[in-house]
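**Q** Please find start.cif (mmCIF, C-alpha atoms, pLDDT in the B column; chains and numbers go by the auth columns) on the next line:
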data_run
#
loop_
_atom_site.group_PDB
_atom_site.id
_atom_site.type_symbol
_atom_site.label_atom_id
_atom_site.label_comp_id
_atom_site.label_asym_id
_atom_site.label_seq_id
_atom_site.Cartn_x
_atom_site.Cartn_y
_atom_site.Cartn_z
_atom_site.B_iso_or_equiv
_atom_site.auth_seq_id
_atom_site.auth_asym_id
ATOM 1 C CA MET A 1 -8.804 17.158 46.991 41.00 927 A
ATOM 2 C CA ARG A 2 -11.741 16.363 44.733 43.00 928 A
ATOM 3 C CA ASP A 3 -10.187 18.324 41.865 43.00 929 A
ATOM 4 C CA ALA A 4 -6.844 16.588 42.266 43.00 930 A
ATOM 5 C CA GLY A 5 -8.568 13.212 42.396 43.00 931 A
ATOM 6 C CA SER A 6 -10.609 13.912 39.275 41.00 932 A
ATOM 7 C CA LYS A 7 -7.418 14.546 37.304 43.00 933 A
ATOM 8 C CA LEU A 8 -5.689 11.390 38.494 37.00 934 A
ATOM 9 C CA PRO A 9 -7.142 9.039 35.866 44.00 935 A
ATOM 10 C CA VAL A 10 -6.003 11.404 33.104 36.00 936 A
ATOM 11 C CA ARG A 11 -2.520 11.484 34.549 43.00 937 A
ATOM 12 C CA LEU A 12 -2.458 7.719 34.815 37.00 938 A
ATOM 13 C CA ILE A 13 -3.510 7.377 31.199 33.00 939 A
ATOM 14 C CA ALA A 14 -0.772 9.798 30.169 35.00 940 A
ATOM 15 C CA LEU A 15 1.791 7.787 32.124 36.00 941 A
ATOM 16 C CA VAL A 16 0.672 4.559 30.475 37.00 942 A
ATOM 17 C CA VAL A 17 0.898 6.105 27.025 38.00 943 A
ATOM 18 C CA CYS A 18 4.342 7.538 27.734 40.00 944 A
ATOM 19 C CA ALA A 19 5.520 4.214 29.139 41.00 945 A
ATOM 20 C CA GLY A 20 4.338 2.474 25.989 44.00 946 A
ATOM 21 C CA LEU A 21 6.179 4.946 23.758 47.00 947 A
ATOM 22 C CA LEU A 22 9.365 4.446 25.740 51.00 948 A
ATOM 23 C CA HIS A 23 9.287 0.781 24.747 73.00 949 A
ATOM 24 C CA ALA A 24 8.519 1.483 21.068 87.00 950 A
ATOM 25 C CA GLY A 25 11.190 2.214 18.510 96.00 951 A
ATOM 26 C CA LEU A 26 11.667 3.253 14.903 98.00 952 A
ATOM 27 C CA VAL A 27 12.373 0.567 12.312 98.00 953 A
ATOM 28 C CA THR A 28 14.181 1.924 9.269 98.00 954 A
ATOM 29 C CA GLY A 29 15.782 0.480 6.180 98.00 955 A
ATOM 30 C CA ALA A 30 16.058 0.670 2.411 98.00 956 A
ATOM 31 C CA VAL A 31 15.532 -1.529 -0.629 97.00 957 A
ATOM 32 C CA GLU A 32 17.490 -1.719 -3.857 95.00 958 A
ATOM 33 C CA ILE A 33 15.871 -3.138 -6.979 93.00 959 A
ATOM 34 C CA THR A 34 17.873 -4.813 -9.724 88.00 960 A
ATOM 35 C CA ASN A 35 16.616 -4.882 -13.306 73.00 961 A
ATOM 36 C CA SER A 36 15.572 -8.221 -14.768 53.00 962 A
ATOM 37 C CA GLN A 37 17.207 -7.415 -18.113 57.00 963 A
ATOM 38 C CA GLU A 38 20.495 -6.196 -16.671 54.00 964 A
ATOM 39 C CA PRO A 39 21.338 -8.090 -13.466 51.00 965 A
ATOM 40 C CA GLY A 40 22.861 -5.767 -10.892 50.00 966 A
ATOM 41 C CA VAL A 41 21.854 -2.668 -12.859 51.00 967 A
ATOM 42 C CA ARG A 42 18.602 -0.700 -12.906 57.00 968 A
ATOM 43 C CA LYS A 43 18.682 2.343 -15.170 64.00 969 A
ATOM 44 C CA ASN A 44 15.639 3.780 -13.439 70.00 970 A
ATOM 45 C CA LYS A 45 16.880 4.491 -9.915 82.00 971 A
ATOM 46 C CA ASN A 46 13.328 4.951 -8.617 90.00 972 A
ATOM 47 C CA TYR A 47 12.907 2.311 -5.903 95.00 973 A
ATOM 48 C CA SER A 48 9.451 3.427 -4.784 96.00 974 A
ATOM 49 C CA GLY A 49 6.375 1.280 -4.369 97.00 975 A
ATOM 50 C CA VAL A 50 7.709 -1.579 -2.243 98.00 976 A
ATOM 51 C CA ALA A 51 5.368 -2.408 0.640 98.00 977 A
ATOM 52 C CA ILE A 52 6.972 -3.428 3.967 98.00 978 A
ATOM 53 C CA TRP A 53 5.044 -4.549 7.041 98.00 979 A
ATOM 54 C CA LEU A 54 5.687 -6.180 10.415 98.00 980 A
ATOM 55 C CA VAL A 55 3.503 -8.831 12.073 98.00 981 A
ATOM 56 C CA PRO A 56 4.175 -9.865 15.720 98.00 982 A
ATOM 57 C CA VAL A 57 5.421 -13.425 16.132 98.00 983 A
ATOM 58 C CA GLY A 58 3.044 -15.756 17.947 93.00 984 A
ATOM 59 C CA LYS A 59 0.236 -13.268 18.515 92.00 985 A
ATOM 60 C CA PRO A 60 -2.171 -11.149 16.479 91.00 986 A
ATOM 61 C CA ALA A 61 -1.300 -7.541 15.842 96.00 987 A
ATOM 62 C CA PRO A 62 -3.449 -4.924 17.576 96.00 988 A
ATOM 63 C CA ALA A 63 -6.160 -3.301 15.491 94.00 989 A
ATOM 64 C CA ALA A 64 -4.923 -0.227 13.679 94.00 990 A
ATOM 65 C CA PRO A 65 -6.755 3.099 13.950 91.00 991 A
ATOM 66 C CA PRO A 66 -9.044 3.778 10.967 88.00 992 A
ATOM 67 C CA ARG A 67 -7.044 5.118 8.030 95.00 993 A
ATOM 68 C CA ARG A 68 -8.176 6.870 4.862 97.00 994 A
ATOM 69 C CA GLU A 69 -5.856 7.254 1.891 98.00 995 A
ATOM 70 C CA GLN A 70 -6.269 8.701 -1.591 98.00 996 A
ATOM 71 C CA MET A 71 -5.351 7.164 -4.927 98.00 997 A
ATOM 72 C CA LEU A 72 -5.852 9.934 -7.460 98.00 998 A
ATOM 73 C CA GLN A 73 -6.865 9.322 -11.050 97.00 999 A
ATOM 74 C CA LYS A 74 -4.782 11.914 -12.846 96.00 1000 A
ATOM 75 C CA ASN A 75 -3.439 12.046 -16.416 96.00 1001 A
ATOM 76 C CA ARG A 76 -4.767 8.511 -16.904 95.00 1002 A
ATOM 77 C CA HIS A 77 -2.667 7.176 -14.023 96.00 1003 A
ATOM 78 C CA PHE A 78 -3.367 6.096 -10.459 98.00 1004 A
ATOM 79 C CA VAL A 79 -1.332 8.324 -8.134 97.00 1005 A
ATOM 80 C CA PRO A 80 0.361 7.000 -6.094 97.00 1006 A
ATOM 81 C CA HIS A 81 0.824 3.697 -7.872 97.00 1007 A
ATOM 82 C CA VAL A 82 1.116 1.782 -4.569 98.00 1008 A
ATOM 83 C CA VAL A 83 -0.808 2.448 -1.355 98.00 1009 A
ATOM 84 C CA ALA A 84 -0.659 0.468 1.903 98.00 1010 A
ATOM 85 C CA ILE A 85 -3.452 0.526 4.473 97.00 1011 A
ATOM 86 C CA PRO A 86 -4.351 -1.580 7.521 98.00 1012 A
ATOM 87 C CA VAL A 87 -7.390 -3.854 7.469 97.00 1013 A
ATOM 88 C CA GLY A 88 -10.477 -1.684 7.814 96.00 1014 A
ATOM 89 C CA GLY A 89 -8.894 1.242 6.003 97.00 1015 A
ATOM 90 C CA THR A 90 -10.522 3.135 3.147 98.00 1016 A
ATOM 91 C CA VAL A 91 -9.095 4.280 -0.178 98.00 1017 A
ATOM 92 C CA ASP A 92 -10.723 7.145 -2.088 98.00 1018 A
ATOM 93 C CA PHE A 93 -10.387 7.427 -5.868 98.00 1019 A
ATOM 94 C CA PRO A 94 -10.872 11.114 -6.808 98.00 1020 A
ATOM 95 C CA ASN A 95 -11.222 11.606 -10.564 98.00 1021 A
ATOM 96 C CA LEU A 96 -9.059 14.613 -11.464 98.00 1022 A
ATOM 97 C CA ASP A 97 -9.163 13.951 -15.206 97.00 1023 A
ATOM 98 C CA PRO A 98 -11.600 15.670 -17.602 97.00 1024 A
ATOM 99 C CA ILE A 99 -12.931 12.212 -18.552 96.00 1025 A
ATOM 100 C CA PHE A 100 -14.840 9.386 -16.875 96.00 1026 A
ATOM 101 C CA HIS A 101 -13.114 6.549 -14.992 97.00 1027 A
ATOM 102 C CA ASN A 102 -14.134 3.192 -13.497 97.00 1028 A
ATOM 103 C CA ALA A 103 -11.740 1.756 -10.898 97.00 1029 A
ATOM 104 C CA PHE A 104 -12.188 -1.953 -10.195 97.00 1030 A
ATOM 105 C CA SER A 105 -10.464 -5.099 -8.984 96.00 1031 A
ATOM 106 C CA ASN A 106 -11.395 -8.704 -9.607 90.00 1032 A
ATOM 107 C CA PHE A 107 -7.911 -10.155 -9.920 74.00 1033 A
ATOM 108 C CA SER A 108 -7.033 -10.850 -6.284 72.00 1034 A
ATOM 109 C CA GLY A 109 -7.449 -9.445 -2.809 78.00 1035 A
ATOM 110 C CA GLN A 110 -10.858 -7.861 -2.273 90.00 1036 A
ATOM 111 C CA PRO A 111 -12.963 -7.420 -5.431 94.00 1037 A
ATOM 112 C CA PHE A 112 -14.673 -4.053 -5.877 96.00 1038 A
ATOM 113 C CA ASP A 113 -16.170 -1.896 -8.615 97.00 1039 A
ATOM 114 C CA THR A 114 -16.683 1.864 -8.368 97.00 1040 A
ATOM 115 C CA ALA A 115 -18.725 1.876 -11.621 97.00 1041 A
ATOM 116 C CA LEU A 116 -18.329 4.696 -14.125 96.00 1042 A
ATOM 117 C CA TYR A 117 -18.133 8.160 -12.530 97.00 1043 A
ATOM 118 C CA ALA A 118 -17.664 11.680 -13.783 97.00 1044 A
ATOM 119 C CA PRO A 119 -14.747 14.111 -13.666 97.00 1045 A
ATOM 120 C CA GLY A 120 -14.497 16.046 -10.426 97.00 1046 A
ATOM 121 C CA THR A 121 -16.197 13.325 -8.369 98.00 1047 A
ATOM 122 C CA SER A 122 -14.847 10.546 -6.177 98.00 1048 A
ATOM 123 C CA ARG A 123 -15.603 7.018 -5.017 98.00 1049 A
ATOM 124 C CA GLY A 124 -14.281 5.182 -1.970 97.00 1050 A
ATOM 125 C CA GLU A 125 -13.786 1.574 -0.954 97.00 1051 A
ATOM 126 C CA THR A 126 -13.208 0.077 2.515 97.00 1052 A
ATOM 127 C CA PHE A 127 -10.993 -3.003 2.616 96.00 1053 A
ATOM 128 C CA LYS A 128 -11.919 -5.568 5.255 95.00 1054 A
ATOM 129 C CA VAL A 129 -9.554 -8.463 4.539 94.00 1055 A
ATOM 130 C CA PRO A 130 -5.756 -8.535 4.227 95.00 1056 A
ATOM 131 C CA GLY A 131 -4.242 -9.105 0.818 95.00 1057 A
ATOM 132 C CA ILE A 132 -2.811 -7.519 -2.308 96.00 1058 A
ATOM 133 C CA VAL A 133 -5.499 -5.723 -4.320 96.00 1059 A
ATOM 134 C CA ARG A 134 -4.637 -5.097 -7.973 96.00 1060 A
ATOM 135 C CA VAL A 135 -6.547 -2.081 -9.235 97.00 1061 A
ATOM 136 C CA PHE A 136 -7.414 -1.300 -12.862 97.00 1062 A
ATOM 137 C CA CYS A 137 -9.592 1.089 -14.850 97.00 1063 A
ATOM 138 C CA ASN A 138 -12.332 -0.510 -16.911 96.00 1064 A
ATOM 139 C CA ILE A 139 -11.836 2.120 -19.629 93.00 1065 A
ATOM 140 C CA HIS A 140 -8.064 2.530 -19.871 94.00 1066 A
ATOM 141 C CA PRO A 141 -6.150 -0.793 -20.100 93.00 1067 A
ATOM 142 C CA THR A 142 -2.830 0.878 -19.266 91.00 1068 A
ATOM 143 C CA MET A 143 -4.014 2.116 -15.853 96.00 1069 A
ATOM 144 C CA SER A 144 -3.065 -0.104 -12.928 96.00 1070 A
ATOM 145 C CA ALA A 145 -2.184 0.214 -9.242 97.00 1071 A
ATOM 146 C CA ILE A 146 -1.627 -1.789 -6.056 97.00 1072 A
ATOM 147 C CA ILE A 147 -3.305 -1.571 -2.652 97.00 1073 A
ATOM 148 C CA ALA A 148 -1.542 -3.601 0.047 97.00 1074 A
ATOM 149 C CA VAL A 149 -4.074 -4.317 2.813 97.00 1075 A
ATOM 150 C CA VAL A 150 -2.023 -5.404 5.820 97.00 1076 A
ATOM 151 C CA PRO A 151 -3.051 -7.023 9.144 97.00 1077 A
ATOM 152 C CA THR A 152 -0.940 -4.708 11.279 98.00 1078 A
ATOM 153 C CA PRO A 153 -0.511 -1.046 12.228 98.00 1079 A
ATOM 154 C CA TRP A 154 3.226 -1.225 11.395 98.00 1080 A
ATOM 155 C CA TYR A 155 3.844 -0.769 7.692 98.00 1081 A
ATOM 156 C CA ALA A 156 5.417 1.517 5.097 98.00 1082 A
ATOM 157 C CA VAL A 157 5.844 2.010 1.349 98.00 1083 A
ATOM 158 C CA THR A 158 9.277 2.910 0.028 98.00 1084 A
ATOM 159 C CA GLY A 159 9.946 6.276 -1.568 96.00 1085 A
ATOM 160 C CA ALA A 160 11.993 6.910 -4.702 96.00 1086 A
ATOM 161 C CA THR A 161 15.295 6.407 -2.853 96.00 1087 A
ATOM 162 C CA GLY A 162 14.112 3.041 -1.538 97.00 1088 A
ATOM 163 C CA LYS A 163 14.147 4.200 2.075 98.00 1089 A
ATOM 164 C CA PHE A 164 11.342 3.434 4.528 98.00 1090 A
ATOM 165 C CA SER A 165 10.568 3.956 8.210 98.00 1091 A
ATOM 166 C CA ILE A 166 7.997 2.401 10.523 98.00 1092 A
ATOM 167 C CA ALA A 167 7.340 4.326 13.726 97.00 1093 A
ATOM 168 C CA ASN A 168 6.262 3.247 17.227 97.00 1094 A
ATOM 169 C CA VAL A 169 7.128 -0.433 16.897 98.00 1095 A
ATOM 170 C CA PRO A 170 7.084 -2.049 20.370 97.00 1096 A
ATOM 171 C CA ALA A 171 10.098 -4.137 21.305 97.00 1097 A
ATOM 172 C CA GLY A 172 9.697 -7.793 20.308 97.00 1098 A
ATOM 173 C CA ASP A 173 9.930 -10.335 17.523 98.00 1099 A
ATOM 174 C CA TYR A 174 8.259 -9.691 14.157 98.00 1100 A
ATOM 175 C CA GLU A 175 7.788 -11.351 10.810 98.00 1101 A
ATOM 176 C CA LEU A 176 9.100 -9.026 8.092 98.00 1102 A
ATOM 177 C CA HIS A 177 6.859 -9.085 4.998 98.00 1103 A
ATOM 178 C CA ILE A 178 7.628 -7.550 1.597 98.00 1104 A
ATOM 179 C CA PHE A 179 5.680 -6.995 -1.609 97.00 1105 A
ATOM 180 C CA HIS A 180 7.023 -5.663 -4.882 97.00 1106 A
ATOM 181 C CA GLU A 181 4.792 -5.716 -7.945 95.00 1107 A
ATOM 182 C CA ARG A 182 7.549 -6.726 -10.351 93.00 1108 A
ATOM 183 C CA SER A 183 9.194 -9.386 -8.195 94.00 1109 A
ATOM 184 C CA LEU A 184 8.193 -13.046 -8.312 93.00 1110 A
ATOM 185 C CA PRO A 185 6.634 -14.318 -5.037 92.00 1111 A
ATOM 186 C CA GLU A 186 9.416 -16.875 -4.517 93.00 1112 A
ATOM 187 C CA ASN A 187 12.084 -14.163 -4.834 91.00 1113 A
ATOM 188 C CA VAL A 188 10.397 -11.959 -2.241 92.00 1114 A
ATOM 189 C CA LYS A 189 9.665 -14.900 0.074 92.00 1115 A
ATOM 190 C CA PHE A 190 13.393 -15.544 0.221 91.00 1116 A
ATOM 191 C CA LEU A 191 13.870 -12.081 1.750 94.00 1117 A
ATOM 192 C CA GLU A 192 11.173 -12.390 4.423 96.00 1118 A
ATOM 193 C CA ARG A 193 12.388 -13.339 7.873 97.00 1119 A
ATOM 194 C CA THR A 194 11.951 -12.910 11.628 98.00 1120 A
ATOM 195 C CA ILE A 195 13.530 -9.817 13.122 98.00 1121 A
ATOM 196 C CA THR A 196 13.951 -8.679 16.715 98.00 1122 A
ATOM 197 C CA VAL A 197 13.180 -5.034 17.416 98.00 1123 A
ATOM 198 C CA PRO A 198 14.835 -3.671 20.586 97.00 1124 A
ATOM 199 C CA GLU A 199 13.392 -0.786 22.582 96.00 1125 A
ATOM 200 C CA VAL A 200 15.752 1.667 20.881 96.00 1126 A
ATOM 201 C CA GLY A 201 14.508 0.650 17.416 97.00 1127 A
ATOM 202 C CA LEU A 202 16.295 -1.056 14.557 98.00 1128 A
ATOM 203 C CA THR A 203 17.977 -0.212 11.261 98.00 1129 A
ATOM 204 C CA LEU A 204 17.714 -3.115 8.835 98.00 1130 A
ATOM 205 C CA PRO A 205 20.474 -3.956 6.375 97.00 1131 A
ATOM 206 C CA LEU A 206 19.875 -3.120 2.708 97.00 1132 A
ATOM 207 C CA ILE A 207 17.162 -5.333 1.192 97.00 1133 A
ATOM 208 C CA PRO A 208 18.077 -6.360 -2.393 95.00 1134 A
ATOM 209 C CA ILE A 209 15.021 -7.103 -4.555 95.00 1135 A
ATOM 210 C CA THR A 210 15.289 -8.651 -8.003 93.00 1136 A
ATOM 211 C CA GLU A 211 12.847 -8.308 -10.885 91.00 1137 A
ATOM 212 C CA THR A 212 14.372 -11.322 -12.651 88.00 1138 A
ATOM 213 C CA GLY A 213 11.742 -13.553 -14.237 88.00 1139 A
ATOM 214 C CA TRP A 214 8.918 -11.012 -14.070 89.00 1140 A
ATOM 215 C CA ILE A 215 6.944 -10.620 -17.294 90.00 1141 A
ATOM 216 C CA ALA A 216 4.222 -8.034 -17.794 87.00 1142 A
ATOM 217 C CA THR A 217 0.959 -9.637 -18.879 88.00 1143 A
ATOM 218 C CA PRO A 218 -2.179 -7.877 -20.162 88.00 1144 A
ATOM 219 C CA HIS A 219 -5.295 -7.987 -17.985 90.00 1145 A
ATOM 220 C CA MET A 220 -8.931 -8.250 -18.933 92.00 1146 A
ATOM 221 C CA ASN A 221 -11.626 -5.685 -18.199 94.00 1147 A
ATOM 222 C CA LYS A 222 -14.062 -6.154 -15.327 94.00 1148 A
ATOM 223 C CA TYR A 223 -16.246 -8.423 -17.462 93.00 1149 A
ATOM 224 C CA GLY A 224 -13.352 -10.767 -18.228 92.00 1150 A
ATOM 225 C CA HIS A 225 -13.101 -9.568 -21.837 93.00 1151 A
ATOM 226 C CA GLN A 226 -10.357 -7.889 -23.807 93.00 1152 A
ATOM 227 C CA TYR A 227 -10.462 -4.099 -23.888 92.00 1153 A
ATOM 228 C CA PRO A 228 -12.111 -2.652 -27.004 86.00 1154 A
ATOM 229 C CA PRO A 229 -10.165 -0.075 -29.022 79.00 1155 A
ATOM 230 C CA VAL A 230 -10.588 3.446 -27.654 63.00 1156 A
ATOM 231 C CA ALA A 231 -11.060 5.930 -30.508 47.00 1157 A
ATOM 232 C CA SER A 232 -11.235 9.017 -28.304 49.00 1158 A
ATOM 233 C CA ASP A 233 -12.332 9.958 -24.829 46.00 1159 A
ATOM 234 C CA GLY A 234 -15.160 12.082 -26.213 45.00 1160 A
ATOM 235 C CA SER A 235 -16.715 9.150 -28.044 38.00 1161 A
ATOM 236 C CA THR A 236 -16.095 6.633 -25.261 48.00 1162 A
ATOM 237 C CA TYR A 237 -17.186 8.402 -22.103 47.00 1163 A
ATOM 238 C CA PRO A 238 -20.811 9.352 -21.486 46.00 1164 A
ATOM 239 C CA GLY A 239 -20.933 13.118 -21.227 41.00 1165 A
ATOM 240 C CA ALA A 240 -17.170 13.533 -21.609 40.00 1166 A
ATOM 241 C CA GLY A 241 -17.594 16.032 -24.402 37.00 1167 A
ATOM 242 C CA LYS A 242 -20.312 18.053 -22.699 35.00 1168 A
#
Please express what this file holds, its structure, as structure tokens.

**A**
Amino acid sequence: MRDAGSKLPVRLIALVVCAGLLHAGLVTGAVEITNSQEPGVRKNKNYSGVAIWLVPVGKPAPAAPPRREQMLQKNRHFVPHVVAIPVGGTVDFPNLDPIFHNAFSNFSGQPFDTALYAPGTSRGETFKVPGIVRVFCNIHPTMSAIIAVVPTPWYAVTGATGKFSIANVPAGDYELHIFHERSLPENVKFLERTITVPEVGLTLPLIPITETGWIATPHMNKYGHQYPPVASDGSTYPGAGK
């Protein structure tokens, strides 16, 4: 009897977890991005990098489990270009190039600065407030990326086909939020709305996103100055040629 009783709490916990999963569904959907230069047409059919997240209506979202993601620095690019994490999550920036890098953000979201670090090493940053963090390299002006820090455990980033899925969403009403780097805030705001997720889950209709009106603008380095000309990596990076 004692053994059976000692296992009861575990069984109860398992039942509670299972009951919760029975009332949680899968939210799926897809986005389609139209080119600003050719309305209705986008020659590049890569629809990746759109962040989607759900926030419960009328109540705060539960805290998400700690998450750790990687944004590689490879071939003078941040890979992937867009990462989404919940508040409290950490992003690591491994340097896979044979040159030094310096990831930073002072544009919006949560400012940070990894400082200059060598090939084969890594730096990490924990993000404690929600927002869109625009990431740059203080050495290479063409390197940029996005970290979407979201106040919810229910989020996704679209793949190349534009499809996304968000698992284990409890039944209820949610605010649907969207971020696309090359879409004006007012255009995206028009697409955001309240949705009702039933216990069986929900498939959203196609979400059309326009890039109309977006213009790429150069950014400054972490000191607020224009980037100096880069003659070569060997002459610019301390120890790069060693």

**Q** Edge lengths and centre, in Å to one decimal, as AutoDock Vina command-line options: that's what I need for the box along x, y and z that holds all listed atoms of stretch 1067-1081 of chain A plus 6 Å on each side.

**A**
--center_x -1.2 --center_y -2.5 --center_z -3.9 --size_x 22.0 --size_y 21.1 --size_z 44.3

**Q** Which residues are close to A:Lys1115, i.e. within 12 Å by only C-alpha atoms, leaving aside same-chain residues fewer than 4 positions away? Reply as a PyMOL selection string.

**A** chain A and resi 1101-1106+1109-1111+1119-1120+1135-1136

**Q** Using the chain letters and numbers from the file, which residues does the PyMOL selection byres ((chain A and resi 1058) around 7) grab, as a PyMOL selection string?

**A** chain A and resi 1034-1035+1057+1059-1060+1072-1075

**Q** Which residues match the PyMOL selection byres ((chain A and resi 1038-1040) around 12) in the file above, as a ChimeraX atom specification?

**A** /A:1017-1021,1026-1037,1041-1044,1047-1054,1059-1064,1147-1149

**Q** If I take atom CA of A:Leu1128 and atom CA of A:His949, how far is one from the other in Å, to one decimal?

**A** 12.5 Å
